[in-house]
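Okay, start_10.cif now, which holds mmCIF, C-alpha atoms:
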```cif
data_query
#
loop_
_atom_site.group_PDB
_atom_site.id
_atom_site.type_symbol
_atom_site.label_atom_id
_atom_site.label_comp_id
_atom_site.auth_asym_id
_atom_site.auth_seq_id
_atom_site.Cartn_x
_atom_site.Cartn_y
_atom_site.Cartn_z
ATOM 1 C CA MET A 1 9.447 37.216 5.729
ATOM 2 C CA ASN A 2 7.706 40.214 7.246
ATOM 3 C CA ARG A 3 4.576 40.211 9.377
ATOM 4 C CA ILE A 4 2.257 41.147 6.494
ATOM 5 C CA GLN A 5 3.523 38.226 4.392
ATOM 6 C CA LEU A 6 3.099 35.820 7.297
ATOM 7 C CA VAL A 7 -0.474 36.973 7.921
ATOM 8 C CA THR A 8 -1.203 36.692 4.181
ATOM 9 C CA TYR A 9 0.059 33.090 4.127
ATOM 10 C CA LYS A 10 -2.089 32.194 7.118
ATOM 11 C CA ILE A 11 -5.159 33.702 5.463
ATOM 12 C CA LEU A 12 -4.493 31.833 2.212
ATOM 13 C CA ILE A 13 -4.099 28.542 4.085
ATOM 14 C CA LYS A 14 -7.381 29.111 5.928
ATOM 15 C CA LEU A 15 -9.122 29.996 2.654
ATOM 16 C CA TYR A 16 -7.815 26.804 1.053
ATOM 17 C CA ALA A 17 -8.996 24.811 4.067
ATOM 18 C CA PHE A 18 -12.454 26.396 3.781
ATOM 19 C CA PHE A 19 -12.796 25.738 0.055
ATOM 20 C CA GLY A 20 -11.248 22.316 0.568
ATOM 21 C CA LEU A 21 -14.102 21.365 2.880
ATOM 22 C CA LEU A 22 -16.635 22.987 0.561
ATOM 23 C CA PHE A 23 -15.430 21.267 -2.602
ATOM 24 C CA LYS A 24 -13.812 18.182 -0.984
ATOM 25 C CA LEU A 25 -10.299 19.174 -2.031
ATOM 26 C CA PRO A 26 -7.162 17.532 -0.586
ATOM 27 C CA ASN A 27 -4.873 19.541 1.656
ATOM 28 C CA PRO A 28 -2.183 21.589 -0.185
ATOM 29 C CA VAL A 29 0.571 19.000 0.353
ATOM 30 C CA VAL A 30 -1.551 16.146 -0.998
ATOM 31 C CA ALA A 31 -2.710 18.360 -3.870
ATOM 32 C CA LYS A 32 0.923 19.044 -4.798
ATOM 33 C CA LYS A 33 1.699 15.297 -4.677
ATOM 34 C CA ILE A 34 -1.203 14.628 -7.048
ATOM 35 C CA ILE A 35 0.011 17.347 -9.450
ATOM 36 C CA LEU A 36 3.537 15.903 -9.414
ATOM 37 C CA SER A 37 2.113 12.426 -9.988
ATOM 38 C CA LYS A 38 0.082 13.479 -13.007
ATOM 39 C CA ARG A 39 3.055 15.268 -14.558
ATOM 40 C CA LEU A 40 5.270 12.222 -14.125
ATOM 41 C CA PHE A 41 2.474 9.932 -15.321
ATOM 42 C CA LYS A 42 2.324 11.917 -18.557
ATOM 43 C CA LYS A 43 6.101 11.879 -18.933
ATOM 44 C CA LEU A 44 6.292 8.090 -18.466
ATOM 45 C CA ASN A 45 3.013 7.355 -20.265
ATOM 46 C CA GLY A 46 1.780 5.659 -17.089
ATOM 47 C CA ASN A 47 4.497 2.994 -17.127
ATOM 48 C CA VAL A 48 6.418 2.076 -13.979
ATOM 49 C CA ALA A 49 10.012 2.889 -14.961
ATOM 50 C CA TYR A 50 12.051 1.464 -12.080
ATOM 51 C CA GLY A 51 12.017 -1.238 -9.449
ATOM 52 C CA PHE A 52 10.376 -4.629 -9.080
ATOM 53 C CA PHE A 53 7.217 -3.637 -10.999
ATOM 54 C CA LYS A 54 9.081 -2.036 -13.908
ATOM 55 C CA GLY A 55 6.897 -2.271 -17.007
ATOM 56 C CA MET A 56 3.554 -2.302 -15.175
ATOM 57 C CA LYS A 57 0.991 0.197 -16.411
ATOM 58 C CA LEU A 58 -0.831 2.331 -13.851
ATOM 59 C CA PRO A 59 -4.324 3.663 -14.513
ATOM 60 C CA TYR A 60 -4.607 7.435 -14.831
ATOM 61 C CA SER A 61 -7.386 7.592 -12.241
ATOM 62 C CA MET A 62 -6.719 5.931 -8.897
ATOM 63 C CA SER A 63 -9.135 5.830 -5.994
ATOM 64 C CA TRP A 64 -6.626 5.070 -3.248
ATOM 65 C CA GLY A 65 -3.135 5.740 -4.579
ATOM 66 C CA ALA A 66 -3.497 9.035 -6.472
ATOM 67 C CA PRO A 67 -1.060 11.050 -4.275
ATOM 68 C CA ASP A 68 1.487 8.194 -4.361
ATOM 69 C CA GLN A 69 1.297 7.509 -8.078
ATOM 70 C CA ALA A 70 4.634 9.214 -8.782
ATOM 71 C CA SER A 71 6.332 7.146 -6.070
ATOM 72 C CA MET A 72 4.910 4.001 -7.671
ATOM 73 C CA LEU A 73 6.122 5.073 -11.117
ATOM 74 C CA VAL A 74 9.711 5.320 -9.830
ATOM 75 C CA GLY A 75 9.493 2.051 -7.889
ATOM 76 C CA LEU A 76 9.934 3.504 -4.394
ATOM 77 C CA TYR A 77 6.421 3.279 -2.962
ATOM 78 C CA GLU A 78 6.433 0.993 0.110
ATOM 79 C CA LYS A 79 9.813 -0.298 -0.981
ATOM 80 C CA GLU A 80 10.054 -2.406 2.176
ATOM 81 C CA VAL A 81 6.890 -4.275 1.189
ATOM 82 C CA LEU A 82 8.208 -4.836 -2.324
ATOM 83 C CA ASP A 83 11.472 -6.191 -0.917
ATOM 84 C CA VAL A 84 9.639 -8.737 1.245
ATOM 85 C CA ILE A 85 7.281 -9.819 -1.533
ATOM 86 C CA SER A 86 10.040 -10.142 -4.122
ATOM 87 C CA SER A 87 11.981 -12.441 -1.773
ATOM 88 C CA ALA A 88 9.008 -14.708 -0.994
ATOM 89 C CA PRO A 89 9.876 -18.406 -1.483
ATOM 90 C CA ASP A 90 9.056 -19.994 -4.824
ATOM 91 C CA HIS A 91 6.535 -22.408 -3.339
ATOM 92 C CA CYS A 92 4.307 -19.381 -2.613
ATOM 93 C CA THR A 93 2.405 -19.286 -5.886
ATOM 94 C CA LYS A 94 -0.667 -17.298 -4.859
ATOM 95 C CA LEU A 95 -1.063 -13.824 -3.370
ATOM 96 C CA ILE A 96 -3.988 -13.212 -1.032
ATOM 97 C CA ASP A 97 -4.312 -9.434 -0.948
ATOM 98 C CA LEU A 98 -6.601 -8.194 1.814
ATOM 99 C CA GLY A 99 -7.373 -4.507 1.414
ATOM 100 C CA ALA A 100 -6.267 -4.632 -2.213
ATOM 101 C CA ALA A 101 -7.264 -1.012 -2.954
ATOM 102 C CA ASP A 102 -6.472 -0.337 -6.642
ATOM 103 C CA GLY A 103 -4.721 -3.677 -7.120
ATOM 104 C CA TYR A 104 -1.146 -2.353 -7.215
ATOM 105 C CA TYR A 105 0.418 -5.434 -5.607
ATOM 106 C CA ALA A 106 -1.878 -8.058 -7.093
ATOM 107 C CA ILE A 107 -1.417 -6.832 -10.641
ATOM 108 C CA GLY A 108 2.286 -6.056 -10.300
ATOM 109 C CA THR A 109 3.219 -9.447 -8.855
ATOM 110 C CA THR A 110 1.204 -11.486 -11.344
ATOM 111 C CA LEU A 111 2.466 -9.391 -14.259
ATOM 112 C CA LYS A 112 6.074 -9.979 -13.202
ATOM 113 C CA GLY A 113 5.449 -13.697 -12.650
ATOM 114 C CA LYS A 114 6.115 -13.661 -8.923
ATOM 115 C CA PHE A 115 2.728 -15.247 -8.271
ATOM 116 C CA LYS A 116 0.612 -17.299 -10.656
ATOM 117 C CA LYS A 117 -2.610 -15.889 -9.238
ATOM 118 C CA ALA A 118 -3.836 -13.186 -6.876
ATOM 119 C CA ILE A 119 -7.071 -13.004 -4.924
ATOM 120 C CA CYS A 120 -8.071 -9.434 -4.086
ATOM 121 C CA TYR A 121 -10.342 -8.717 -1.137
ATOM 122 C CA GLU A 122 -11.579 -5.133 -1.301
ATOM 123 C CA MET A 123 -14.668 -3.654 0.336
ATOM 124 C CA SER A 124 -15.003 -0.647 -2.018
ATOM 125 C CA GLU A 125 -16.965 -1.300 -5.199
ATOM 126 C CA GLN A 126 -15.226 1.627 -6.883
ATOM 127 C CA ARG A 127 -11.814 0.154 -6.127
ATOM 128 C CA ARG A 128 -12.895 -3.304 -7.249
ATOM 129 C CA ASP A 129 -13.831 -1.750 -10.602
ATOM 130 C CA ILE A 130 -10.407 -0.093 -10.816
ATOM 131 C CA ILE A 131 -8.695 -3.436 -10.095
ATOM 132 C CA LYS A 132 -10.685 -5.012 -12.906
ATOM 133 C CA GLN A 133 -9.812 -2.210 -15.339
ATOM 134 C CA ASN A 134 -6.147 -2.258 -14.334
ATOM 135 C CA ALA A 135 -5.968 -6.030 -14.755
ATOM 136 C CA VAL A 136 -7.253 -5.628 -18.316
ATOM 137 C CA LEU A 137 -4.761 -2.794 -18.917
ATOM 138 C CA ASN A 138 -1.889 -5.088 -17.924
ATOM 139 C CA GLY A 139 -3.201 -8.256 -19.541
ATOM 140 C CA VAL A 140 -3.540 -10.263 -16.316
ATOM 141 C CA SER A 141 -7.329 -10.504 -15.968
ATOM 142 C CA LYS A 142 -7.240 -14.301 -15.920
ATOM 143 C CA LYS A 143 -4.823 -14.246 -12.977
ATOM 144 C CA ILE A 144 -6.876 -11.889 -10.780
ATOM 145 C CA ASP A 145 -9.827 -12.985 -8.634
ATOM 146 C CA ILE A 146 -11.694 -9.989 -7.187
ATOM 147 C CA ARG A 147 -13.840 -10.430 -4.083
ATOM 148 C CA GLY A 148 -15.556 -8.206 -1.523
ATOM 149 C CA GLN A 149 -14.640 -7.594 2.097
ATOM 150 C CA ALA A 150 -12.972 -10.456 3.949
ATOM 151 C CA ASN A 151 -14.727 -11.433 7.156
ATOM 152 C CA ALA A 152 -13.162 -13.222 10.129
ATOM 153 C CA ASP A 153 -14.195 -16.609 8.679
ATOM 154 C CA PHE A 154 -12.818 -15.952 5.183
ATOM 155 C CA LEU A 155 -10.270 -18.760 5.555
ATOM 156 C CA ASN A 156 -13.126 -21.217 5.130
ATOM 157 C CA GLU A 157 -12.836 -20.394 1.422
ATOM 158 C CA PHE A 158 -9.467 -22.209 1.317
ATOM 159 C CA LYS A 159 -8.252 -25.753 1.870
ATOM 160 C CA ASP A 160 -5.444 -26.248 4.386
ATOM 161 C CA GLU A 161 -3.024 -27.583 1.781
ATOM 162 C CA GLU A 162 -3.727 -24.521 -0.366
ATOM 163 C CA LEU A 163 -2.832 -22.105 2.437
ATOM 164 C CA SER A 164 0.750 -23.350 2.591
ATOM 165 C CA LYS A 165 1.259 -22.027 -0.955
ATOM 166 C CA CYS A 166 -0.161 -18.586 -0.213
ATOM 167 C CA PHE A 167 1.487 -15.278 0.595
ATOM 168 C CA PHE A 168 -0.887 -13.040 2.555
ATOM 169 C CA LEU A 169 -0.598 -9.263 2.249
ATOM 170 C CA ILE A 170 -2.887 -7.540 4.758
ATOM 171 C CA ASP A 171 -3.610 -3.801 4.867
ATOM 172 C CA ILE A 172 -7.059 -3.300 6.375
ATOM 173 C CA GLU A 173 -6.756 -0.193 8.529
ATOM 174 C CA GLY A 174 -7.002 -1.738 11.996
ATOM 175 C CA ASP A 175 -9.237 -4.710 11.251
ATOM 176 C CA GLU A 176 -6.126 -6.908 11.132
ATOM 177 C CA PHE A 177 -6.444 -7.556 14.875
ATOM 178 C CA ALA A 178 -9.862 -9.161 14.539
ATOM 179 C CA LEU A 179 -8.944 -11.005 11.354
ATOM 180 C CA LEU A 180 -5.733 -12.478 12.754
ATOM 181 C CA SER A 181 -7.284 -14.246 15.700
ATOM 182 C CA LYS A 182 -5.387 -17.068 17.373
ATOM 183 C CA ALA A 183 -7.578 -19.601 15.553
ATOM 184 C CA ASN A 184 -6.851 -18.005 12.163
ATOM 185 C CA LEU A 185 -3.140 -17.745 12.925
ATOM 186 C CA LEU A 186 -3.076 -21.473 13.649
ATOM 187 C CA ARG A 187 -4.709 -22.214 10.299
ATOM 188 C CA LEU A 188 -2.156 -19.951 8.629
ATOM 189 C CA SER A 189 0.823 -21.556 10.340
ATOM 190 C CA LYS A 190 2.332 -22.688 7.012
ATOM 191 C CA SER A 191 1.645 -19.418 5.199
ATOM 192 C CA HIS A 192 3.814 -16.341 4.747
ATOM 193 C CA ILE A 193 2.088 -13.193 6.025
ATOM 194 C CA LEU A 194 2.968 -9.513 5.781
ATOM 195 C CA VAL A 195 0.560 -7.287 7.690
ATOM 196 C CA GLU A 196 0.591 -3.521 8.047
ATOM 197 C CA ILE A 197 -0.060 -2.481 11.626
ATOM 198 C CA HIS A 198 -2.658 0.194 12.385
ATOM 199 C CA ASP A 199 -2.762 0.127 16.187
ATOM 200 C CA HIS A 200 -3.065 3.935 16.118
ATOM 201 C CA ARG A 201 -6.370 3.666 14.234
ATOM 202 C CA THR A 202 -8.253 1.376 16.562
ATOM 203 C CA LYS A 203 -9.422 1.540 20.163
ATOM 204 C CA ASP A 204 -6.989 -0.131 22.586
ATOM 205 C CA GLY A 205 -4.620 -0.576 19.665
ATOM 206 C CA ASN A 206 -1.526 -1.023 21.819
ATOM 207 C CA SER A 207 -3.004 -3.914 23.771
ATOM 208 C CA LYS A 208 -4.402 -5.485 20.591
ATOM 209 C CA LEU A 209 -0.964 -5.320 19.019
ATOM 210 C CA ASP A 210 0.604 -6.923 22.102
ATOM 211 C CA ILE A 211 -1.900 -9.783 21.897
ATOM 212 C CA LEU A 212 -1.286 -10.267 18.173
ATOM 213 C CA ILE A 213 2.476 -10.391 18.639
ATOM 214 C CA LYS A 214 2.181 -12.768 21.600
ATOM 215 C CA ASP A 215 -0.146 -15.142 19.730
ATOM 216 C CA ALA A 216 1.868 -14.976 16.515
ATOM 217 C CA SER A 217 5.208 -15.552 18.281
ATOM 218 C CA GLU A 218 3.956 -18.934 19.468
ATOM 219 C CA ILE A 219 3.416 -20.025 15.857
ATOM 220 C CA PHE A 220 5.724 -17.962 13.605
ATOM 221 C CA ASN A 221 9.064 -16.293 13.437
ATOM 222 C CA ILE A 222 8.397 -12.542 13.446
ATOM 223 C CA ASN A 223 10.254 -9.704 11.731
ATOM 224 C CA HIS A 224 9.305 -6.087 12.411
ATOM 225 C CA ILE A 225 9.668 -3.844 9.376
ATOM 226 C CA TYR A 226 9.578 -0.045 9.255
ATOM 227 C CA ASN A 227 9.798 2.574 6.532
ATOM 228 C CA GLY A 228 13.415 3.167 5.645
ATOM 229 C CA TYR A 229 15.499 5.704 3.769
ATOM 230 C CA ARG A 230 14.739 6.694 0.182
ATOM 231 C CA ASP A 231 17.020 8.653 -2.113
ATOM 232 C CA PRO A 232 15.003 10.234 -4.921
ATOM 233 C CA TYR A 233 18.192 11.361 -6.633
ATOM 234 C CA ALA A 234 19.229 7.754 -7.173
ATOM 235 C CA ILE A 235 16.390 7.749 -9.731
ATOM 236 C CA GLN A 236 17.648 9.239 -12.987
ATOM 237 C CA ILE A 237 14.375 10.805 -14.004
ATOM 238 C CA LEU A 238 14.244 12.801 -10.736
ATOM 239 C CA GLU A 239 17.767 14.221 -11.002
ATOM 240 C CA ASP A 240 16.540 17.619 -12.220
ATOM 241 C CA TYR A 241 13.703 17.945 -9.702
ATOM 242 C CA SER A 242 13.907 20.470 -6.887
ATOM 243 C CA HIS A 243 14.483 19.133 -3.378
ATOM 244 C CA ASP A 244 10.921 19.983 -2.381
ATOM 245 C CA ASP A 245 9.396 18.130 -5.326
ATOM 246 C CA ALA A 246 11.770 15.151 -5.306
ATOM 247 C CA TRP A 247 11.407 14.449 -1.588
ATOM 248 C CA LEU A 248 7.656 15.017 -1.743
ATOM 249 C CA ILE A 249 7.398 12.369 -4.456
ATOM 250 C CA VAL A 250 9.009 9.714 -2.251
ATOM 251 C CA SER A 251 7.086 10.760 0.869
ATOM 252 C CA GLU A 252 4.204 8.399 1.650
ATOM 253 C CA GLY A 253 2.346 11.059 3.608
ATOM 254 C CA ARG A 254 2.033 8.934 6.728
ATOM 255 C CA LYS A 255 0.985 10.348 10.086
ATOM 256 C CA ARG A 256 3.640 8.120 11.654
ATOM 257 C CA ASN A 257 6.337 5.791 10.373
ATOM 258 C CA GLY A 258 5.017 2.697 8.607
ATOM 259 C CA HIS A 259 5.121 -0.530 10.609
ATOM 260 C CA TRP A 260 4.648 -4.049 9.273
ATOM 261 C CA ILE A 261 5.133 -7.450 10.839
ATOM 262 C CA HIS A 262 6.324 -10.308 8.659
ATOM 263 C CA LEU A 263 5.218 -13.721 9.912
ATOM 264 C CA LEU A 264 7.290 -16.639 8.645
ATOM 265 C CA PRO A 265 6.534 -20.330 9.205
ATOM 266 C CA VAL A 266 8.803 -21.957 11.750
#
```

Take the structure in this file and express it as structure tokens.
Amino acid sequence: MNRIQLVTYKILIKLYAFFGLLFKLPNPVVAKKIILSKRLFKKLNGNVAYGFFKGMKLPYSMSWGAPDQASMLVGLYEKEVLDVISSAPDHCTKLIDLGAADGYYAIGTTLKGKFKKAICYEMSEQRRDIIKQNAVLNGVSKKIDIRGQANADFLNEFKDEELSKCFFLIDIEGDEFALLSKANLLRLSKSHILVEIHDHRTKDGNSKLDILIKDASEIFNINHIYNGYRDPYAIQILEDYSHDDAWLIVSEGRKRNGHWIHLLPV
């Protein structure tokens, strides 16, 4: 690459950034992920083709998961989360999905019979509408209960004996530290909980995480889970993709490696 080409690339990137702000466009990498997702969506007719949610239909338009739609279609999106959920004990018959977004987990698990019912807490009205539409698309509307944002006292909506049959999936962008207070952890002592950690998105996140782990360790057994390796070429439909496209499909676009803690009753 010569100097003129390098300068040209820099100018084009700055122009894209300018028009991106003007027209609310995603950055070029995210835009490419969305393009790849839509192409694969068309090829698979929107049906998840591999993995635990094989057979689930995804909506064409997604509010939260649009760049990761291709990864969902090949069953590799947040594979670590899927592995934990799929191995949940049989007595867990209800999923409590906090930060349900487009309903990927709630709809997938009820469709596949892992849980008899899912309660979705989601603050965005747009995403709640998508959950509703996606539940209809997959024929699980009667199994999905859609609610608004969960506040710190949301456990008052449940009886203690009911909580022991619940699997909690929590992805609420830093609010997990307030929600999982010591008092709430005690009430959840018989529940299975998988929570995504966002200490990097909240003030004093490191100390809040230390407190959460300390409090939880007095009540639960704790497993730390991180994003692991993915091989896109183990997926038959991706065998003919270029390296750039195949690896971009399985990338989750995180600013740091994903971190979850799995709390198991003692």

Selection: 10 Å around A:Leu186, all atoms listed in the file, excl. self and same-chain fewer than 3 positions, as a compact mmCIF listing (two decimals) with C-alpha atoms, keeping the file's coordinate frame:
```
# COMPACT_ATOMS: atom_id res chain seq x y z
CA LEU A 180 -5.73 -12.48 12.75
CA SER A 181 -7.28 -14.25 15.70
CA LYS A 182 -5.39 -17.07 17.37
CA ALA A 183 -7.58 -19.60 15.55
CA SER A 189 0.82 -21.56 10.34
CA LYS A 190 2.33 -22.69 7.01
CA SER A 191 1.64 -19.42 5.20
CA ASP A 215 -0.15 -15.14 19.73
CA ALA A 216 1.87 -14.98 16.52
CA GLU A 218 3.96 -18.93 19.47
CA ILE A 219 3.42 -20.02 15.86
CA PHE A 220 5.72 -17.96 13.60
```

With all atoms listed in the file counted, which protein, DNA or RNA residues have an atom no more than 9 Å from (8.0, 8.6, -8.6) in the file frame? Please answer as a PDB file with C-alpha atoms, keeping the file's coordinate frame.
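Listing of selection-v3.pdb after writing:
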```pdb
ATOM      1  CA  LEU A  36       3.537  15.903  -9.414  1.00  0.00           C
ATOM      2  CA  SER A  37       2.113  12.426  -9.988  1.00  0.00           C
ATOM      3  CA  LEU A  40       5.270  12.222 -14.125  1.00  0.00           C
ATOM      4  CA  PHE A  41       2.474   9.932 -15.321  1.00  0.00           C
ATOM      5  CA  VAL A  48       6.418   2.076 -13.979  1.00  0.00           C
ATOM      6  CA  ALA A  49      10.012   2.889 -14.961  1.00  0.00           C
ATOM      7  CA  TYR A  50      12.051   1.464 -12.080  1.00  0.00           C
ATOM      8  CA  ASP A  68       1.487   8.194  -4.361  1.00  0.00           C
ATOM      9  CA  GLN A  69       1.297   7.509  -8.078  1.00  0.00           C
ATOM     10  CA  ALA A  70       4.634   9.214  -8.782  1.00  0.00           C
ATOM     11  CA  SER A  71       6.332   7.146  -6.070  1.00  0.00           C
ATOM     12  CA  MET A  72       4.910   4.001  -7.671  1.00  0.00           C
ATOM     13  CA  LEU A  73       6.122   5.073 -11.117  1.00  0.00           C
ATOM     14  CA  VAL A  74       9.711   5.320  -9.830  1.00  0.00           C
ATOM     15  CA  GLY A  75       9.493   2.051  -7.889  1.00  0.00           C
ATOM     16  CA  LEU A  76       9.934   3.504  -4.394  1.00  0.00           C
ATOM     17  CA  TYR A  77       6.421   3.279  -2.962  1.00  0.00           C
ATOM     18  CA  PRO A 232      15.003  10.234  -4.921  1.00  0.00           C
ATOM     19  CA  ILE A 235      16.390   7.749  -9.731  1.00  0.00           C
ATOM     20  CA  ILE A 237      14.375  10.805 -14.004  1.00  0.00           C
ATOM     21  CA  LEU A 238      14.244  12.801 -10.736  1.00  0.00           C
ATOM     22  CA  ALA A 246      11.770  15.151  -5.306  1.00  0.00           C
ATOM     23  CA  ILE A 249       7.398  12.369  -4.456  1.00  0.00           C
ATOM     24  CA  VAL A 250       9.009   9.714  -2.251  1.00  0.00           C
TER      25      VAL A 250
END
```

Stretch 62-178 of chain A near stretch 252-266 of chain A within 12 Å: what's each residue's closest atom pair and its distance in Å to one decimal, counting all atoms listed in the file, ordered by chain then ascending residue number, as a Markdown table?
```
| residue | atom | partner | partner_atom | distance |
| --- | --- | --- | --- | --- |
| A:Gly65 | CA | A:Glu252 | CA | 10.0 |
| A:Ala66 | CA | A:Glu252 | CA | 11.2 |
| A:Pro67 | CA | A:Glu252 | CA | 8.4 |
| A:Asp68 | CA | A:Glu252 | CA | 6.6 |
| A:Gln69 | CA | A:Glu252 | CA | 10.2 |
| A:Ala70 | CA | A:Glu252 | CA | 10.5 |
| A:Ser71 | CA | A:Glu252 | CA | 8.1 |
| A:Met72 | CA | A:Glu252 | CA | 10.3 |
| A:Leu76 | CA | A:Glu252 | CA | 9.7 |
| A:Tyr77 | CA | A:Glu252 | CA | 7.2 |
| A:Glu78 | CA | A:Glu252 | CA | 7.9 |
| A:Lys79 | CA | A:Glu252 | CA | 10.7 |
| A:Glu80 | CA | A:Trp260 | CA | 9.1 |
| A:Val81 | CA | A:Trp260 | CA | 8.4 |
| A:Asp83 | CA | A:His262 | CA | 11.6 |
| A:Val84 | CA | A:His262 | CA | 8.3 |
| A:Ile85 | CA | A:His262 | CA | 10.2 |
| A:Ala88 | CA | A:Leu264 | CA | 10.0 |
| A:Pro89 | CA | A:Leu264 | CA | 10.6 |
| A:Cys92 | CA | A:Leu264 | CA | 12.0 |
| A:Leu163 | CA | A:Pro265 | CA | 11.7 |
| A:Ser164 | CA | A:Pro265 | CA | 9.3 |
| A:Lys165 | CA | A:Pro265 | CA | 11.6 |
| A:Cys166 | CA | A:Pro265 | CA | 11.7 |
| A:Phe167 | CA | A:Leu264 | CA | 10.0 |
| A:Phe168 | CA | A:Leu263 | CA | 9.6 |
| A:Leu169 | CA | A:His262 | CA | 9.5 |
| A:Ile170 | CA | A:Trp260 | CA | 9.5 |
| A:Asp171 | CA | A:Trp260 | CA | 9.4 |
| A:Glu176 | CA | A:Ile261 | CA | 11.3 |
```

Checklist entry - Got a sec to check which residues sit within 6 Å of (-7.2, 24.1, -0.3), counting all atoms listed in the file, and write them as a list in words? => result Tyr16, Ala17, Phe19, Gly20, Asn27 and Pro28 of chain A

Dump C-alpha atoms for the selected residues as a PDB file, in the frame of the given file?
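To be explicit, this is the file written out as selection.pdb:
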```pdb
ATOM      1  CA  TYR A  16      -7.815  26.804   1.053  1.00  0.00           C
ATOM      2  CA  ALA A  17      -8.996  24.811   4.067  1.00  0.00           C
ATOM      3  CA  PHE A  19     -12.796  25.738   0.055  1.00  0.00           C
ATOM      4  CA  GLY A  20     -11.248  22.316   0.568  1.00  0.00           C
ATOM      5  CA  ASN A  27      -4.873  19.541   1.656  1.00  0.00           C
ATOM      6  CA  PRO A  28      -2.183  21.589  -0.185  1.00  0.00           C
TER       7      PRO A  28
END
```

Next on the checklist: Once the PyMOL selection byres ((chain A and resi 108-112) around 9) has been evaluated on this model, what residues remain selected, and can you format them as a list in words?
Outcome noted: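 Matching residues under the PyMOL selection byres ((chain A and resi 108-112) around 9) are Phe52, Phe53, Lys54, Gly55, Met56, Lys57, Ile85, Ser86, Lys94, Leu95, Gly103, Tyr104, Tyr105, Ala106, Ile107, Gly113, Lys114, Phe115, Lys116, Lys117, Ala118, Asn138, Gly139, Val140, Lys143 and Ile144 of chain A.
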
Item to check | Proximity to A:Ala152 - best of A:Asp199, A:Leu6, A:Leu58, A:Leu98, only C-alpha atoms | outcome: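 Closest candidate: A:Leu98.
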